[in-house]
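Peer 1: Let me give you the structure first, and then I'll get to my questions.
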Amino acid sequence: MIVFPAIDLKQGQVVRLAEGDMARATVYGDNPAAQAMLFADAGSQFLHVVDLDGSFAGRAENREAVEAILEVFSGHVQLGGGIRTREAVAGWFDIGVSRVVMGSAALKDPEFVKDMAKEFPGGIVVAVDAKDGMVATEGWADVSDVEVVDLARRFEDAGVASLLFTDIGRDGLLKGVNIDATVDLARRVDIPVIASGGVKGLDDIRLLALHAKDGIEGVITGRALYEGKLDLSTAIAMAEKD
């Protein structure tokens, strides 16, 4: 299982939100590239980067910060946030992003996302963000009437690399991952699932790793790392155990 340390970007700063609320942002630094290097020094070969401003604007708003991260981090960078056109997808791949995360577009224009998955094999991750079991979009500002599993199943056999499942009600709150819902989703679809939202410590990593065979590909963690609740090197070692 892969541990993805998260770098969320708001106006060029490294932040974490509480329940996806931009008004509840905690700033952890103003040098995203330096933060990426710290994660690399701890043994990470993967990063999950989010352009939070872009999620709401529908276009890249922190491109400079992302480019700075790509310049110093030699591993794989997974990027999300307002990526809704072919030009945007191709542009990020052109400068070195390994995988692109698409959320709002997956609900509003699934055929476009499927086309991108075909054009960029193994490069597209579909974000399935949940609030009370329903899909949320537009940077989590809107909640749809589509159930999480229904959205996920639309992309089976479409060639997407993974599903990124986030329980918004836990995100950034250190409440612990919604293990049951995440594993249930992984068992009900044929696409690997990345868990996100609420990681509070090593126990979350251990429990998710136990379900790797159920289709849990990885876990994203942010606030727990920034606040010293989770040691990244230890988490990576635990996640890599058979």
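So you can find residues: chains in the structure tokens are A, B, ... in the order shown, residues in each start at 1, and ligands are numbered from 1 in order.
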Might you pull out every residue within 12 Å of region 86-94 of chain A, with only C-alpha atoms counted and same-chain residues fewer than 5 positions away left off, and present them as a PDB file with N, CA and C atoms, in the first residue's frame?
Peer 2:
```
ATOM      1  N   GLY A  54      -7.709  26.244  -7.344  1.00  0.00           N
ATOM      2  CA  GLY A  54      -8.132  25.749  -8.644  1.00  0.00           C
ATOM      3  C   GLY A  54      -9.411  24.934  -8.571  1.00  0.00           C
ATOM      4  N   GLY A  58     -11.881  26.301 -11.152  1.00  0.00           N
ATOM      5  CA  GLY A  58     -12.010  25.477 -12.355  1.00  0.00           C
ATOM      6  C   GLY A  58     -10.846  25.621 -13.304  1.00  0.00           C
ATOM      7  N   ARG A  59      -9.742  26.139 -12.801  1.00  0.00           N
ATOM      8  CA  ARG A  59      -8.528  26.303 -13.608  1.00  0.00           C
ATOM      9  C   ARG A  59      -7.342  26.371 -12.651  1.00  0.00           C
ATOM     10  N   ALA A  60      -6.137  26.196 -13.189  1.00  0.00           N
ATOM     11  CA  ALA A  60      -4.930  26.215 -12.356  1.00  0.00           C
ATOM     12  C   ALA A  60      -4.740  27.581 -11.708  1.00  0.00           C
ATOM     13  N   GLU A  61      -4.544  27.583 -10.391  1.00  0.00           N
ATOM     14  CA  GLU A  61      -4.315  28.828  -9.659  1.00  0.00           C
ATOM     15  C   GLU A  61      -2.992  28.803  -8.898  1.00  0.00           C
ATOM     16  N   ARG A  63      -0.050  27.128 -10.162  1.00  0.00           N
ATOM     17  CA  ARG A  63       0.863  26.463 -11.092  1.00  0.00           C
ATOM     18  C   ARG A  63       2.332  26.661 -10.700  1.00  0.00           C
ATOM     19  N   GLU A  64       2.670  27.853 -10.271  1.00  0.00           N
ATOM     20  CA  GLU A  64       4.060  28.138  -9.901  1.00  0.00           C
ATOM     21  C   GLU A  64       4.525  27.219  -8.770  1.00  0.00           C
ATOM     22  N   VAL A  66       3.252  24.295  -7.963  1.00  0.00           N
ATOM     23  CA  VAL A  66       3.326  22.914  -8.454  1.00  0.00           C
ATOM     24  C   VAL A  66       4.613  22.703  -9.237  1.00  0.00           C
ATOM     25  N   GLU A  67       4.963  23.654 -10.079  1.00  0.00           N
ATOM     26  CA  GLU A  67       6.197  23.547 -10.853  1.00  0.00           C
ATOM     27  C   GLU A  67       7.418  23.473  -9.931  1.00  0.00           C
ATOM     28  N   LEU A  70       7.640  19.981  -8.567  1.00  0.00           N
ATOM     29  CA  LEU A  70       8.101  19.042  -9.593  1.00  0.00           C
ATOM     30  C   LEU A  70       9.606  19.163  -9.844  1.00  0.00           C
ATOM     31  N   HIS A  76       6.828  10.368  -7.759  1.00  0.00           N
ATOM     32  CA  HIS A  76       5.581  10.516  -8.510  1.00  0.00           C
ATOM     33  C   HIS A  76       4.675  11.549  -7.844  1.00  0.00           C
ATOM     34  N   VAL A  77       4.208  12.503  -8.626  1.00  0.00           N
ATOM     35  CA  VAL A  77       3.310  13.538  -8.117  1.00  0.00           C
ATOM     36  C   VAL A  77       1.922  13.343  -8.721  1.00  0.00           C
ATOM     37  N   GLN A  78       0.948  13.198  -7.834  1.00  0.00           N
ATOM     38  CA  GLN A  78      -0.455  13.064  -8.212  1.00  0.00           C
ATOM     39  C   GLN A  78      -1.113  14.405  -7.921  1.00  0.00           C
ATOM     40  N   LEU A  79      -1.779  14.989  -8.919  1.00  0.00           N
ATOM     41  CA  LEU A  79      -2.276  16.363  -8.784  1.00  0.00           C
ATOM     42  C   LEU A  79      -3.763  16.473  -9.065  1.00  0.00           C
ATOM     43  N   GLY A  80      -4.457  17.201  -8.196  1.00  0.00           N
ATOM     44  CA  GLY A  80      -5.864  17.491  -8.413  1.00  0.00           C
ATOM     45  C   GLY A  80      -6.165  18.951  -8.165  1.00  0.00           C
ATOM     46  N   GLY A  81      -7.361  19.372  -8.605  1.00  0.00           N
ATOM     47  CA  GLY A  81      -7.799  20.736  -8.352  1.00  0.00           C
ATOM     48  C   GLY A  81      -8.144  21.506  -9.601  1.00  0.00           C
ATOM     49  N   ARG A  99       0.100  11.558 -12.296  1.00  0.00           N
ATOM     50  CA  ARG A  99      -1.321  11.237 -12.401  1.00  0.00           C
ATOM     51  C   ARG A  99      -2.149  12.489 -12.108  1.00  0.00           C
ATOM     52  N   VAL A 100      -3.256  12.594 -12.804  1.00  0.00           N
ATOM     53  CA  VAL A 100      -4.163  13.730 -12.659  1.00  0.00           C
ATOM     54  C   VAL A 100      -5.452  13.249 -12.000  1.00  0.00           C
ATOM     55  N   VAL A 101      -5.891  13.988 -11.003  1.00  0.00           N
ATOM     56  CA  VAL A 101      -7.117  13.645 -10.287  1.00  0.00           C
ATOM     57  C   VAL A 101      -8.259  14.509 -10.793  1.00  0.00           C
ATOM     58  N   MET A 102      -9.364  13.860 -11.160  1.00  0.00           N
ATOM     59  CA  MET A 102     -10.531  14.580 -11.679  1.00  0.00           C
ATOM     60  C   MET A 102     -11.741  14.242 -10.820  1.00  0.00           C
ATOM     61  N   ALA A 105     -15.457  16.991 -12.807  1.00  0.00           N
ATOM     62  CA  ALA A 105     -15.644  16.556 -14.196  1.00  0.00           C
ATOM     63  C   ALA A 105     -16.173  15.124 -14.264  1.00  0.00           C
ATOM     64  N   PHE A 112     -16.018  12.564 -20.893  1.00  0.00           N
ATOM     65  CA  PHE A 112     -14.758  13.280 -21.064  1.00  0.00           C
ATOM     66  C   PHE A 112     -13.667  12.621 -20.229  1.00  0.00           C
ATOM     67  N   VAL A 113     -13.997  12.280 -18.987  1.00  0.00           N
ATOM     68  CA  VAL A 113     -13.012  11.638 -18.118  1.00  0.00           C
ATOM     69  C   VAL A 113     -12.599  10.285 -18.695  1.00  0.00           C
ATOM     70  N   LYS A 114     -13.556   9.547 -19.233  1.00  0.00           N
ATOM     71  CA  LYS A 114     -13.246   8.253 -19.850  1.00  0.00           C
ATOM     72  C   LYS A 114     -12.333   8.445 -21.067  1.00  0.00           C
ATOM     73  N   ASP A 115     -12.586   9.496 -21.834  1.00  0.00           N
ATOM     74  CA  ASP A 115     -11.719   9.796 -22.985  1.00  0.00           C
ATOM     75  C   ASP A 115     -10.291  10.087 -22.529  1.00  0.00           C
ATOM     76  N   MET A 116     -10.167  10.828 -21.433  1.00  0.00           N
ATOM     77  CA  MET A 116      -8.841  11.150 -20.903  1.00  0.00           C
ATOM     78  C   MET A 116      -8.133   9.884 -20.410  1.00  0.00           C
ATOM     79  N   ALA A 117      -8.903   8.982 -19.809  1.00  0.00           N
ATOM     80  CA  ALA A 117      -8.323   7.730 -19.321  1.00  0.00           C
ATOM     81  C   ALA A 117      -7.793   6.880 -20.470  1.00  0.00           C
ATOM     82  N   GLU A 119      -6.802   8.204 -23.433  1.00  0.00           N
ATOM     83  CA  GLU A 119      -5.696   8.937 -24.051  1.00  0.00           C
ATOM     84  C   GLU A 119      -4.432   8.902 -23.205  1.00  0.00           C
ATOM     85  N   PHE A 120      -4.615   8.880 -21.879  1.00  0.00           N
ATOM     86  CA  PHE A 120      -3.477   8.877 -20.967  1.00  0.00           C
ATOM     87  C   PHE A 120      -3.580   7.646 -20.064  1.00  0.00           C
ATOM     88  N   PRO A 121      -3.252   6.464 -20.594  1.00  0.00           N
ATOM     89  CA  PRO A 121      -3.417   5.208 -19.846  1.00  0.00           C
ATOM     90  C   PRO A 121      -2.689   5.234 -18.503  1.00  0.00           C
ATOM     91  N   GLY A 122      -3.405   4.841 -17.453  1.00  0.00           N
ATOM     92  CA  GLY A 122      -2.814   4.794 -16.118  1.00  0.00           C
ATOM     93  C   GLY A 122      -2.588   6.142 -15.487  1.00  0.00           C
ATOM     94  N   GLY A 123      -3.076   7.206 -16.133  1.00  0.00           N
ATOM     95  CA  GLY A 123      -2.778   8.547 -15.641  1.00  0.00           C
ATOM     96  C   GLY A 123      -3.925   9.283 -14.978  1.00  0.00           C
ATOM     97  N   ILE A 124      -5.129   8.727 -15.042  1.00  0.00           N
ATOM     98  CA  ILE A 124      -6.288   9.448 -14.524  1.00  0.00           C
ATOM     99  C   ILE A 124      -6.837   8.787 -13.262  1.00  0.00           C
ATOM    100  N   VAL A 125      -6.980   9.589 -12.230  1.00  0.00           N
ATOM    101  CA  VAL A 125      -7.588   9.155 -10.971  1.00  0.00           C
ATOM    102  C   VAL A 125      -8.924   9.877 -10.833  1.00  0.00           C
TER     103      VAL A 125
END
```
Peer 1: Can you pull out every residue from region 64-107 of chain A that DSSP, working from the backbone, puts in strand (DSSP E), and format the result as a ChimeraX atom specification?
Peer 2: /A:76-80,99-102
Peer 1: As an MDAnalysis selection string, please: every residue in region 46-202 of chain A that a backbone DSSP assignment puts in alpha helix (DSSP H).
Peer 2: chainID A and resid 52:57 63:72 86:94 104:108 110:119 148:153 179:188 202
Peer 1: So, counting only C-alpha atoms, which residue among A:Asn31, A:Ser196, A:Ser55, A:Ser233 is closest to Leu174 (chain A)?
Peer 2: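 Using only C-alpha atoms, the shortest distance to Leu174 (chain A) belongs to A:Ser196.
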Peer 1: Per residue of region 32-75 of chain A within 12 Å of region 207-219 of chain A, what are the shortest atom pair and its distance in Å to one decimal, counting only C-alpha atoms, with rows by chain and residue number, as JSON lines?
Peer 2:
```
{"residue": "A:Phe46", "atom": "CA", "partner": "A:Gly218", "partner_atom": "CA", "distance": 10.3}
{"residue": "A:Leu47", "atom": "CA", "partner": "A:Val219", "partner_atom": "CA", "distance": 10.8}
{"residue": "A:His48", "atom": "CA", "partner": "A:Val219", "partner_atom": "CA", "distance": 9.8}
```
Peer 1: If you count only C-alpha atoms, which residues fall within 10 Å of Ala186 (chain A), apart from same-chain ones fewer than 2 positions away, as a ChimeraX atom specification?
Peer 2: /A:149,152,163,165,180-184,188-195,211-217
Peer 1: Using only C-alpha atoms, which protein or nucleic acid residues come within 8 Å of Met238 (chain A)? Drop anything in the same chain fewer than 3 positions from it, and give the result as a PyMOL selection string.
Peer 2: chain A and resi 205-206+209+234-235+241
Peer 1: Write out as a PyMOL selection string which residues come within 12 Å of Ala237 (chain A) when counting only C-alpha atoms, dropping same-chain ones fewer than 5 positions away.
Peer 2: chain A and resi 1-3+42-44+202+205-206+209+231-232+242
